[in-house]
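Down below is the structure, laid out as structure tokens.
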Amino acid sequence: MASGNRKVAVIGCGLVGQNWAMLFASKGYSISICDDDPTQTSAALENIQVLLEKMEKDGLLKGTLSSQEQFKLISGCGSVEECVKGAVYVQDAIRVPENLSLKQELYKKLDAAVEDDDVIIASSTSFIPPSKFSEDLKHRGQVLAAHPINPSYFIPLVELVPAPWTLPSITQRCREFMEEIGQAPCVLTREIEGFALNRMQFALLVECWRLVADGVVSAADIDKVMSYGLGHRYAFIGPLEISHLLADGIGKYCERTGPSICDSINDFGPTPVLNEDTAEKTGILKQLCDMVPLDQLKERRVWRDGRLAAFAKWKKELDDADRK
């Protein structure tokens, strides 16, 4: 992907769009960004410059170009049409709200603005199947979901989800783009509700909720199970390989542990209702607000992202050492 057209269009100037812009700039692409609100575009450019300079200072900047060289590759546009014109790759980064009608309206604009039949049109949606907003488009074979994990500059996973009519060549080229900018693409063979990451995340969240709501363990302690237990393993290998390593292969693991797994799953009971009312009634809301008061969420997110940045740097050093 290193030769030819180097323009990428990013639609949406929130943090998701800013992360996409910085990732593509790290590999020397020319990026145009736009938003419905022009003030958001200018604010995003200011924030991108600050972030790039900070990451360069902290030794976290991706790529070989300096922060200023990367920033010069990113410019704002006043319209979707101007932003998309001449682009080889279009990333829809409008994720809040996840509104189907708004998504359909945007993709009609993109469909009219895209000039070539080989332009990749990727959506950052985390829930909406791409078939729901691409079915009636002229360029529907070029549309797929490319769902990043926030903050994507430090968390490399990207879920690629094709619609039933997405061209295999588009999915493959999107995968190559993601690999080129340092992301780790996971390609789903078909659309499924919630994609892969959220289905796994929701399953874990529901059981954590149930254990706290049933008074088995506190919110603080259930989070320790992940941050001081499972998370240490999952940072490097996934649950399937973990099981494979716990015994003499996955077959032996299933033979030894399968019945206990089934007994535990059968004991889970019905899926709890997750809403603000039940969060309050079960005491989960109070426990979490004791852990992180609502007026401190912003500061805690900054702390989280700092930890993720440091972890990403350390993990890259380990991965690079493994390749030698």
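Quick note on naming: the chains in the structure tokens go A, B, ... in the order shown, residues restart at 1 in each chain, and ligands are numbered from 1 in order of appearance.
The protein and nucleic acid residues lying at most 9 Å from Gln287 of chain A are Ser218, Ala219, Ala220, Gly283, Ile284, Asp290, Met291 and Val292 of chain A, with only C-alpha atoms considered and sequence neighbours fewer than 3 positions away removed.
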Output N, CA, C and O atoms for every residue in that selection, as a PDB file, in the first residue's frame.
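Writing the result to result13.pdb gives the following:
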```pdb
ATOM      1  N   SER A 218     -17.753  -7.602  45.793  1.00  0.00           N
ATOM      2  CA  SER A 218     -17.943  -6.160  45.591  1.00  0.00           C
ATOM      3  C   SER A 218     -17.491  -5.753  44.193  1.00  0.00           C
ATOM      4  O   SER A 218     -16.744  -6.472  43.521  1.00  0.00           O
ATOM      5  N   ALA A 219     -17.937  -4.566  43.769  1.00  0.00           N
ATOM      6  CA  ALA A 219     -17.526  -4.045  42.464  1.00  0.00           C
ATOM      7  C   ALA A 219     -16.012  -3.868  42.389  1.00  0.00           C
ATOM      8  O   ALA A 219     -15.386  -4.175  41.370  1.00  0.00           O
ATOM      9  N   ALA A 220     -15.426  -3.365  43.477  1.00  0.00           N
ATOM     10  CA  ALA A 220     -13.973  -3.161  43.491  1.00  0.00           C
ATOM     11  C   ALA A 220     -13.236  -4.493  43.366  1.00  0.00           C
ATOM     12  O   ALA A 220     -12.249  -4.603  42.636  1.00  0.00           O
ATOM     13  N   GLY A 283     -27.118  -1.513  43.940  1.00  0.00           N
ATOM     14  CA  GLY A 283     -25.983  -0.921  44.635  1.00  0.00           C
ATOM     15  C   GLY A 283     -24.740  -0.794  43.778  1.00  0.00           C
ATOM     16  O   GLY A 283     -23.707  -0.272  44.231  1.00  0.00           O
ATOM     17  N   ILE A 284     -24.823  -1.257  42.514  1.00  0.00           N
ATOM     18  CA  ILE A 284     -23.650  -1.189  41.629  1.00  0.00           C
ATOM     19  C   ILE A 284     -23.294   0.267  41.335  1.00  0.00           C
ATOM     20  O   ILE A 284     -22.112   0.641  41.317  1.00  0.00           O
ATOM     21  N   ASP A 290     -18.399   5.332  44.327  1.00  0.00           N
ATOM     22  CA  ASP A 290     -17.435   5.390  45.429  1.00  0.00           C
ATOM     23  C   ASP A 290     -16.017   5.181  44.900  1.00  0.00           C
ATOM     24  O   ASP A 290     -15.056   5.786  45.398  1.00  0.00           O
ATOM     25  N   MET A 291     -15.886   4.299  43.907  1.00  0.00           N
ATOM     26  CA  MET A 291     -14.580   4.033  43.303  1.00  0.00           C
ATOM     27  C   MET A 291     -14.104   5.219  42.467  1.00  0.00           C
ATOM     28  O   MET A 291     -12.965   5.670  42.583  1.00  0.00           O
ATOM     29  N   VAL A 292     -15.005   5.709  41.611  1.00  0.00           N
ATOM     30  CA  VAL A 292     -14.690   6.852  40.745  1.00  0.00           C
ATOM     31  C   VAL A 292     -15.904   7.777  40.732  1.00  0.00           C
ATOM     32  O   VAL A 292     -16.867   7.531  39.996  1.00  0.00           O
TER      33      VAL A 292
END
```
Using only C-alpha atoms, find each residue of segment 44-85 of chain A with at least one atom at most 12 Å away from an atom of segment 175-184 of chain A; report its shortest atom-to-atom pair and that distance in Å (one decimal), sort the rows by chain and rising residue number, and return the result as CSV.
```
residue,atom,partner,partner_atom,distance
A:Lys62,CA,A:Gly182,CA,8.6
A:Gly63,CA,A:Ile181,CA,8.6
A:Thr64,CA,A:Ile181,CA,11.9
```
statement: What separates atom CA of Asp267 of chain A and atom CA of Gly215 of chain A is a distance of 15.5 Å
field: Contact residues around Ala9 of chain A with only C-alpha atoms at 9 Å, ignoring same-chain residues under 3 positions, as a list in words
entry: Ala21, Ser30, Ile31, Ser32, Ile33, Cys34, Val80, Cys83, Val84, Lys85, Gly86, Ala87, Val88, Tyr89, Val90, Gln91 and Asp92 of chain A
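Across the model, the gap from atom CA of Ala309 of chain A to atom CA of Glu98 of chain A is 26.8 Å.
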- request: Quick one: pick out all strand (DSSP E or B) residues within segment 20-263 of chain A from a backbone DSSP run and write them as an MDAnalysis selection string.
  value: chainID A and resid 30:34 74:76 89:92 120:123 143:148 157:162 184:187
Sort by chain and increasing residue number a table of all residues of segment 127-158 of chain A within 12 Å of segment 162-168 of chain A, each with its closest pair of atoms and their distance in Å to one decimal, counting only C-alpha atoms, and write it as CSV.
```
residue,atom,partner,partner_atom,distance
A:Ile128,CA,A:Ala163,CA,10.8
A:Pro129,CA,A:Ala163,CA,7.2
A:Pro130,CA,A:Ala163,CA,5.5
A:Ser131,CA,A:Ala163,CA,5.0
A:Lys132,CA,A:Ala163,CA,8.7
A:Phe133,CA,A:Ala163,CA,9.7
A:Ser134,CA,A:Ala163,CA,8.1
A:Glu135,CA,A:Trp165,CA,8.3
A:Asp136,CA,A:Trp165,CA,11.1
A:Leu137,CA,A:Trp165,CA,11.0
A:Lys138,CA,A:Trp165,CA,11.6
A:His139,CA,A:Thr166,CA,9.4
A:Arg140,CA,A:Thr166,CA,6.7
A:Gly141,CA,A:Thr166,CA,4.1
A:Gln142,CA,A:Thr166,CA,5.8
A:Val143,CA,A:Thr166,CA,6.1
A:Leu144,CA,A:Pro162,CA,4.6
A:Ala145,CA,A:Pro162,CA,6.3
A:Ala146,CA,A:Pro162,CA,8.8
A:His147,CA,A:Pro162,CA,11.2
```
message: Which residue is closest to Val206 of chain A? Choose from A:Gly76, A:Gly269, A:Pro148, A:Pro38 and count only C-alpha atoms.
response: A:Gly269
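The spacing separating atom CA of Gln18 of chain A from atom CA of Gln172 of chain A amounts to 24.1 Å.
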Check which residues of segment 216-246 of chain A sit at most 12 Å from segment 257-264 of chain A using only C-alpha atoms, and return one row each with the closest pair of atoms and their distance in Å to one decimal, ordered by chain and rising number, as JSON lines.
```
{"residue": "A:Ser243", "atom": "CA", "partner": "A:Thr257", "partner_atom": "CA", "distance": 9.5}
{"residue": "A:His244", "atom": "CA", "partner": "A:Thr257", "partner_atom": "CA", "distance": 11.6}
{"residue": "A:Leu246", "atom": "CA", "partner": "A:Thr257", "partner_atom": "CA", "distance": 10.2}
```
Given the selection you just returned, output its residues as a file containing N, CA and C atoms, formatted as an mmCIF file, in the first residue's frame.
```cif
data_model
loop_
_atom_site.group_PDB
_atom_site.id
_atom_site.type_symbol
_atom_site.label_atom_id
_atom_site.label_comp_id
_atom_site.auth_asym_id
_atom_site.auth_seq_id
_atom_site.Cartn_x
_atom_site.Cartn_y
_atom_site.Cartn_z
ATOM 1 N N SER A 243 -6.430 -21.823 27.514
ATOM 2 C CA SER A 243 -6.967 -23.156 27.806
ATOM 3 C C SER A 243 -6.092 -24.242 27.203
ATOM 4 N N HIS A 244 -5.586 -23.988 26.013
ATOM 5 C CA HIS A 244 -4.715 -24.938 25.323
ATOM 6 C C HIS A 244 -3.444 -25.199 26.132
ATOM 7 N N LEU A 246 -3.138 -24.708 29.470
ATOM 8 C CA LEU A 246 -3.390 -25.163 30.830
ATOM 9 C C LEU A 246 -3.355 -26.677 30.972
#
```
- prompt: Please, which residues of segment 33-215 of chain A, numbered as in this document, come out helix (DSSP H, G or I) from DSSP, as a PyMOL selection string?
  reply: chain A and resi 38-57+67-71+80-84+100-113+131-134+140-142+168-180+197-213
